[in-house]
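**Q** Supplied structure: model-v7.txt, compact mmCIF, C-alpha atoms.
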```txt
# COMPACT_ATOMS: atom_id res chain seq x y z
CA MET A 216 -12.36 -6.37 29.87
CA ASN A 217 -14.97 -6.78 27.20
CA GLU A 218 -13.13 -4.98 24.42
CA HIS A 219 -10.47 -7.03 22.71
CA ALA A 220 -8.59 -6.69 19.40
CA THR A 221 -6.07 -4.43 21.10
CA ASN A 222 -4.17 -7.08 23.03
CA GLY A 223 -0.49 -6.45 22.51
CA ASP A 224 -1.36 -3.55 20.26
CA ALA A 225 -1.62 -0.91 22.97
CA GLY A 226 -0.09 2.35 21.80
CA ARG A 227 0.14 1.06 18.23
CA TYR A 228 -1.13 4.41 16.95
CA ALA A 229 0.23 6.70 19.66
CA TYR A 230 3.15 7.78 17.43
CA GLU A 231 5.28 8.94 20.33
CA GLY A 232 8.04 9.80 17.85
CA LEU A 233 5.98 12.61 16.33
CA ASP A 234 7.48 15.29 18.57
CA ARG A 235 5.09 18.23 18.65
CA VAL A 236 8.00 20.66 18.36
CA LEU A 237 8.61 19.33 14.85
CA HIS A 238 5.10 18.15 13.99
CA GLU A 239 3.37 21.51 14.29
CA LYS A 240 2.41 22.48 10.75
CA ALA A 241 4.21 25.82 10.46
CA ARG A 242 7.39 24.50 12.10
CA LEU A 243 7.28 21.45 9.84
CA GLY A 244 7.30 23.82 6.87
CA ILE A 245 10.20 25.82 8.31
CA LEU A 246 12.25 22.70 8.98
CA THR A 247 11.55 21.27 5.54
CA ALA A 248 12.61 24.52 3.88
CA LEU A 249 15.81 24.62 5.94
CA ALA A 250 16.58 20.93 5.38
CA ALA A 251 17.12 21.57 1.70
CA ARG A 252 19.44 24.53 2.34
CA PRO A 253 22.58 23.79 4.36
CA ASP A 254 23.64 27.44 4.05
CA GLY A 255 20.46 28.52 5.74
CA LEU A 256 17.76 30.96 4.73
CA LEU A 257 17.16 34.60 5.45
CA PHE A 258 14.25 35.53 7.69
CA GLY A 259 12.50 37.19 4.76
CA GLU A 260 12.96 34.15 2.55
CA LEU A 261 11.56 31.80 5.19
CA LYS A 262 8.65 34.12 5.72
CA GLN A 263 7.78 33.99 2.03
CA LEU A 264 8.44 30.30 1.53
CA CYS A 265 6.26 29.38 4.50
CA SER A 266 3.62 32.11 4.07
CA LEU A 267 4.02 33.28 7.65
CA THR A 268 3.74 36.70 9.27
CA ASP A 269 6.76 38.22 11.01
CA GLY A 270 5.17 37.51 14.39
CA ASN A 271 4.32 33.89 13.65
CA LEU A 272 7.70 33.14 12.11
CA ASN A 273 9.47 34.73 15.07
CA ARG A 274 7.43 32.69 17.50
CA HIS A 275 8.12 29.39 15.74
CA LEU A 276 11.83 30.16 15.28
CA GLU A 277 12.02 30.81 19.00
CA VAL A 278 10.56 27.37 19.76
CA LEU A 279 12.95 25.67 17.33
CA HIS A 280 15.90 27.63 18.68
CA GLN A 281 15.09 26.78 22.27
CA SER A 282 15.03 23.12 21.28
CA ARG A 283 18.44 23.63 19.67
CA LEU A 284 17.13 22.49 16.29
CA ILE A 285 18.12 25.68 14.48
CA GLU A 286 20.73 28.38 14.86
CA VAL A 287 19.93 32.01 14.23
CA ARG A 288 22.64 34.42 13.12
CA LYS A 289 22.34 38.16 13.07
CA GLY A 290 24.48 39.75 10.40
CA PHE A 291 24.63 42.61 7.94
CA ASP A 292 24.31 42.88 4.19
CA HIS A 293 25.47 46.30 2.97
CA LYS A 294 24.86 47.67 6.48
CA ARG A 295 21.31 46.32 6.44
CA PRO A 296 20.66 43.96 9.34
CA GLN A 297 19.89 40.40 8.30
CA THR A 298 18.91 37.26 10.15
CA THR A 299 19.94 33.88 8.81
CA CYS A 300 18.49 30.60 10.10
CA ARG A 301 19.87 27.15 9.52
CA LEU A 302 19.45 23.67 10.92
CA THR A 303 21.89 22.54 13.58
CA VAL A 304 23.43 19.07 13.36
CA LEU A 305 20.96 17.99 16.04
CA GLY A 306 18.13 19.61 14.10
CA ARG A 307 19.01 17.76 10.93
CA ARG A 308 19.20 14.45 12.78
CA ARG A 309 15.94 15.00 14.65
CA PHE A 310 14.18 16.05 11.47
CA ARG A 311 15.32 12.87 9.71
CA GLU A 312 14.09 10.76 12.61
CA TYR A 313 10.79 12.60 12.48
CA LEU A 314 10.44 11.87 8.76
CA VAL A 315 10.97 8.17 9.43
CA GLN A 316 8.05 8.29 11.87
CA LEU A 317 5.99 10.13 9.31
CA GLU A 318 6.70 7.41 6.76
CA ARG A 319 5.38 4.89 9.25
CA VAL A 320 2.15 6.86 9.61
CA ILE A 321 1.71 6.87 5.84
CA ARG A 322 2.40 3.14 5.62
CA ASP A 323 -0.14 2.51 8.39
CA GLY A 324 -2.66 4.85 6.81
CA LEU A 325 -2.42 3.25 3.39
CA SER A 326 -2.35 -0.35 4.62
CA GLU A 327 -5.15 -2.69 3.64
CA PRO A 328 -8.06 -2.77 6.09
CA ALA A 329 -7.72 -5.40 8.82
CA ALA A 330 -9.97 -8.45 8.69
CA GLN A 331 -11.45 -7.58 12.08
CA SER A 332 -12.23 -11.21 12.77
CA GLU A 333 -12.02 -10.40 16.46
CA ARG A 334 -14.86 -7.91 16.31
CA PRO A 335 -17.35 -8.76 19.10
CA SER A 336 -20.39 -10.42 17.51
CA GLY A 337 -22.73 -7.68 18.69
CA LEU A 338 -20.81 -5.21 16.57
CA ALA A 339 -20.80 -6.95 13.23
CA PRO A 340 -21.22 -4.55 10.32
CA ALA A 341 -24.82 -3.29 10.17
CA MET B 883 13.54 43.71 -1.95
CA ASN B 884 17.00 42.52 -1.10
CA GLU B 885 16.12 38.91 -0.35
CA HIS B 886 15.72 36.72 -3.40
CA ALA B 887 15.72 32.95 -3.95
CA THR B 888 12.01 32.88 -3.18
CA ASN B 889 10.71 34.40 -6.41
CA GLY B 890 7.88 32.21 -7.61
CA ASP B 891 8.43 29.96 -4.64
CA ALA B 892 6.23 31.87 -2.20
CA GLY B 893 4.25 29.46 -0.05
CA ARG B 894 6.31 26.52 -1.29
CA TYR B 895 6.51 25.19 2.28
CA ALA B 896 3.20 26.49 3.63
CA TYR B 897 1.57 23.05 3.20
CA GLU B 898 -1.94 24.42 3.20
CA GLY B 899 -3.24 20.89 2.65
CA LEU B 900 -2.11 19.80 6.10
CA ASP B 901 -5.45 20.55 7.71
CA ARG B 902 -4.89 20.96 11.44
CA VAL B 903 -8.02 18.94 12.19
CA LEU B 904 -6.26 15.90 10.74
CA HIS B 905 -2.64 16.87 11.38
CA GLU B 906 -2.86 17.12 15.17
CA LYS B 907 -0.84 14.19 16.50
CA ALA B 908 -3.52 12.43 18.57
CA ARG B 909 -6.18 12.83 15.88
CA LEU B 910 -3.74 11.58 13.26
CA GLY B 911 -3.35 8.42 15.35
CA ILE B 912 -7.11 8.02 15.72
CA LEU B 913 -7.69 8.46 11.98
CA THR B 914 -4.91 6.04 11.08
CA ALA B 915 -6.32 3.41 13.43
CA LEU B 916 -9.81 3.86 11.98
CA ALA B 917 -8.59 3.86 8.38
CA ALA B 918 -7.53 0.25 8.70
CA ARG B 919 -10.87 -0.81 10.18
CA PRO B 920 -13.93 -0.19 8.02
CA ASP B 921 -16.15 -1.75 10.71
CA GLY B 922 -14.95 0.84 13.20
CA LEU B 923 -13.41 0.54 16.63
CA LEU B 924 -14.83 0.61 20.10
CA PHE B 925 -14.06 3.59 22.29
CA GLY B 926 -12.00 1.38 24.61
CA GLU B 927 -10.03 -0.07 21.71
CA LEU B 928 -9.20 3.36 20.31
CA LYS B 929 -8.19 4.53 23.75
CA GLN B 930 -5.71 1.69 24.06
CA LEU B 931 -4.42 1.80 20.51
CA CYS B 932 -3.76 5.53 20.73
CA SER B 933 -2.68 5.65 24.40
CA LEU B 934 -5.19 8.36 25.22
CA THR B 935 -7.20 9.13 28.33
CA ASP B 936 -11.00 9.05 28.22
CA GLY B 937 -11.06 12.84 28.35
CA ASN B 938 -8.54 13.37 25.58
CA LEU B 939 -10.08 10.77 23.31
CA ASN B 940 -13.54 12.28 23.83
CA ARG B 941 -12.25 15.73 23.03
CA HIS B 942 -10.56 14.63 19.80
CA LEU B 943 -13.52 12.49 18.71
CA GLU B 944 -15.72 15.54 19.16
CA VAL B 945 -13.48 17.59 16.84
CA LEU B 946 -13.46 14.83 14.21
CA HIS B 947 -17.20 14.33 14.51
CA GLN B 948 -17.94 18.03 14.14
CA SER B 949 -15.85 18.01 10.97
CA ARG B 950 -17.95 15.04 9.78
CA LEU B 951 -14.84 12.87 9.43
CA ILE B 952 -16.12 10.15 11.75
CA GLU B 953 -19.44 8.79 12.89
CA VAL B 954 -20.05 7.75 16.46
CA ARG B 955 -22.63 5.10 17.29
CA LYS B 956 -23.97 4.34 20.71
CA GLY B 957 -25.00 0.73 21.10
CA PHE B 958 -25.15 -2.15 23.52
CA ASP B 959 -23.26 -5.39 23.92
CA HIS B 960 -24.98 -7.72 26.37
CA LYS B 961 -26.77 -4.71 27.87
CA ARG B 962 -23.46 -2.92 28.41
CA PRO B 963 -23.33 0.46 26.62
CA GLN B 964 -20.75 0.65 23.88
CA THR B 965 -19.54 3.40 21.58
CA THR B 966 -18.27 2.56 18.12
CA CYS B 967 -16.40 5.02 15.92
CA ARG B 968 -15.71 4.71 12.24
CA LEU B 969 -14.59 6.91 9.37
CA THR B 970 -17.26 8.48 7.20
CA VAL B 971 -16.88 8.41 3.42
CA LEU B 972 -15.79 12.05 3.65
CA GLY B 973 -13.36 11.18 6.43
CA ARG B 974 -11.74 8.44 4.39
CA ARG B 975 -11.36 10.72 1.41
CA ARG B 976 -9.97 13.62 3.43
CA PHE B 977 -7.55 11.33 5.21
CA ARG B 978 -6.25 10.01 1.87
CA GLU B 979 -5.79 13.55 0.61
CA TYR B 980 -3.96 14.42 3.80
CA LEU B 981 -1.62 11.45 3.34
CA VAL B 982 -0.79 12.66 -0.16
CA GLN B 983 0.26 16.00 1.34
CA LEU B 984 2.30 14.18 3.95
CA GLU B 985 4.10 12.26 1.23
CA ARG B 986 4.98 15.58 -0.36
CA VAL B 987 6.47 16.82 2.92
CA ILE B 988 8.61 13.69 3.14
CA ARG B 989 9.75 14.05 -0.46
CA ASP B 990 10.64 17.68 0.18
CA GLY B 991 12.37 16.85 3.43
CA LEU B 992 14.47 14.11 1.92
CA SER B 993 15.35 15.94 -1.27
CA GLU B 994 18.96 16.77 -1.99
CA PRO B 995 20.07 20.17 -0.70
CA ALA B 996 19.58 22.97 -3.21
CA ALA B 997 22.65 24.49 -4.82
CA GLN B 998 21.82 27.91 -3.36
CA SER B 999 23.63 29.63 -6.22
CA GLU B 1000 21.40 32.62 -5.62
CA ARG B 1001 22.60 33.12 -2.05
CA PRO B 1002 23.56 36.79 -1.61
CA SER B 1003 27.33 37.02 -1.58
CA GLY B 1004 27.42 38.40 1.95
CA LEU B 1005 25.92 35.15 3.18
CA ALA B 1006 28.26 32.62 1.63
CA PRO B 1007 29.00 29.67 3.93
CA ALA B 1008 31.27 30.78 6.77
```
Take the structure in this file and express it as structure tokens.

**A**
Amino acid sequence: MNEHATNGDAGRYAYEGLDRVLHEKARLGILTALAARPDGLLFGELKQLCSLTDGNLNRHLEVLHQSRLIEVRKGFDHKRPQTTCRLTVLGRRRFREYLVQLERVIRDGLSEPAAQSERPSGLAPA
Amino acid sequence: MNEHATNGDAGRYAYEGLDRVLHEKARLGILTALAARPDGLLFGELKQLCSLTDGNLNRHLEVLHQSRLIEVRKGFDHKRPQTTCRLTVLGRRRFREYLVQLERVIRDGLSEPAAQSERPSGLAPA
């Protein structure tokens, strides 16, 4: 093995905790919107807040629902059908855990550059 | 329009700044690893640090390179071919901007739940 500097650091930037179910940009927006609203949000509100089409929002809600991160309730308001979405207890917990991972990424990304003293001599800065 | 609470808040959680080129989990790991190393990293180092296969790493490096976020140099170390990757000036700037957006997501996600006083009466907490 000619490439060092990674000894003991394998997977340091793999960020396994960034579950793609939550990390996907549109779903991240949906979850963040719901996190601030324990009573949930109407489909139409979510659609506006997240700038999504009906089709896209439906698709992402389906993924979140299948992962048991949100609950979807069909109801009526003055006989008009309405869909309300809210985070489940699991969803809230998983979202918090995800945010902790995200904070780690930011810390890593803003950290001072490493000294790179282990850089192989042939690859010193040009 | 029967669904309020979003007036003036349209797109509040769209997070347009979360460019998918940078936001994708594996590429986010690659960029974070490179951000800390101005001299760049060898292909083999990146592969280990990010727990990626040769094929996956190549694919993601290609996307980042096409977006001019990284530069890829082919060189030799003791006659053995070596590939070094590093962030471009543009890449470093874009990554910083991305991190600022990510901080906003975390702030939003950790903010206290809204009062939801505008919730339509038919949707009061069950």

**Q** Show me, as JSON lines, the residues of chain B having an atom within 6 Å of chain A, each with the closest atom pair and its distance in Å, using all atoms listed in the file.

**A**
```
{"residue": "B:Thr888", "atom": "CA", "partner": "A:Glu260", "partner_atom": "CA", "distance": 5.9}
{"residue": "B:Ala892", "atom": "CA", "partner": "A:Leu264", "partner_atom": "CA", "distance": 4.6}
{"residue": "B:Gly893", "atom": "CA", "partner": "A:Leu264", "partner_atom": "CA", "distance": 4.6}
{"residue": "B:Arg894", "atom": "CA", "partner": "A:Leu264", "partner_atom": "CA", "distance": 5.2}
{"residue": "B:Tyr895", "atom": "CA", "partner": "A:Cys265", "partner_atom": "CA", "distance": 4.7}
{"residue": "B:Ala896", "atom": "CA", "partner": "A:Cys265", "partner_atom": "CA", "distance": 4.3}
{"residue": "B:Gly911", "atom": "CA", "partner": "A:Tyr228", "partner_atom": "CA", "distance": 4.9}
{"residue": "B:Thr914", "atom": "CA", "partner": "A:Gly324", "partner_atom": "CA", "distance": 5.0}
{"residue": "B:Ala918", "atom": "CA", "partner": "A:Pro328", "partner_atom": "CA", "distance": 4.0}
{"residue": "B:Arg919", "atom": "CA", "partner": "A:Pro328", "partner_atom": "CA", "distance": 5.3}
{"residue": "B:Asp921", "atom": "CA", "partner": "A:Pro340", "partner_atom": "CA", "distance": 5.8}
{"residue": "B:Glu927", "atom": "CA", "partner": "A:Thr221", "partner_atom": "CA", "distance": 5.9}
{"residue": "B:Gln930", "atom": "CA", "partner": "A:Ala225", "partner_atom": "CA", "distance": 5.0}
{"residue": "B:Leu931", "atom": "CA", "partner": "A:Gly226", "partner_atom": "CA", "distance": 4.6}
{"residue": "B:Cys932", "atom": "CA", "partner": "A:Ala229", "partner_atom": "CA", "distance": 4.3}
{"residue": "B:Ser933", "atom": "CA", "partner": "A:Gly226", "partner_atom": "CA", "distance": 4.9}
{"residue": "B:Asp959", "atom": "CA", "partner": "A:Gly337", "partner_atom": "CA", "distance": 5.7}
{"residue": "B:Gly991", "atom": "CA", "partner": "A:Thr247", "partner_atom": "CA", "distance": 5.0}
{"residue": "B:Pro995", "atom": "CA", "partner": "A:Ala251", "partner_atom": "CA", "distance": 4.1}
{"residue": "B:Ala996", "atom": "CA", "partner": "A:Ala251", "partner_atom": "CA", "distance": 5.7}
{"residue": "B:Gly1004", "atom": "CA", "partner": "A:Asp292", "partner_atom": "CA", "distance": 5.9}
{"residue": "B:Pro1007", "atom": "CA", "partner": "A:Asp254", "partner_atom": "CA", "distance": 5.8}
```

**Q** With distances taken over all atoms listed in the file, which residue among B:Arg986, B:Arg968, B:Arg976, B:Arg941 lies nearest Lys956 (chain B)?

**A** B:Arg968

**Q** If you measure from CA of Glu277 (chain A) to CA of Gln983 (chain B), what distance in Å do you get, rounded to one decimal?

**A**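 Computed distance, CA of Glu277 (chain A) to CA of Gln983 (chain B), equals 25.9 Å.
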
**Q** Kindly give the distance, in Å, that separates CA of Asp269 (chain A) and CA of Arg288 (chain A), rounded to a single decimal.

**A** 16.5 Å

**Q** In Å to one decimal, how far is CA of Glu979 (chain B) from CA of Val954 (chain B)?

**A**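 That distance, rounded to one decimal, is 22.1 Å.
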
**Q** Counting all atoms listed in the file, what is within 8 Å of region 278-286 of chain A, bar same-chain residues fewer than 5 positions away, as JSON, numbers by chain?

**A** {"A": [236, 242, 300, 301, 302, 303, 304, 305, 306, 307, 309]}
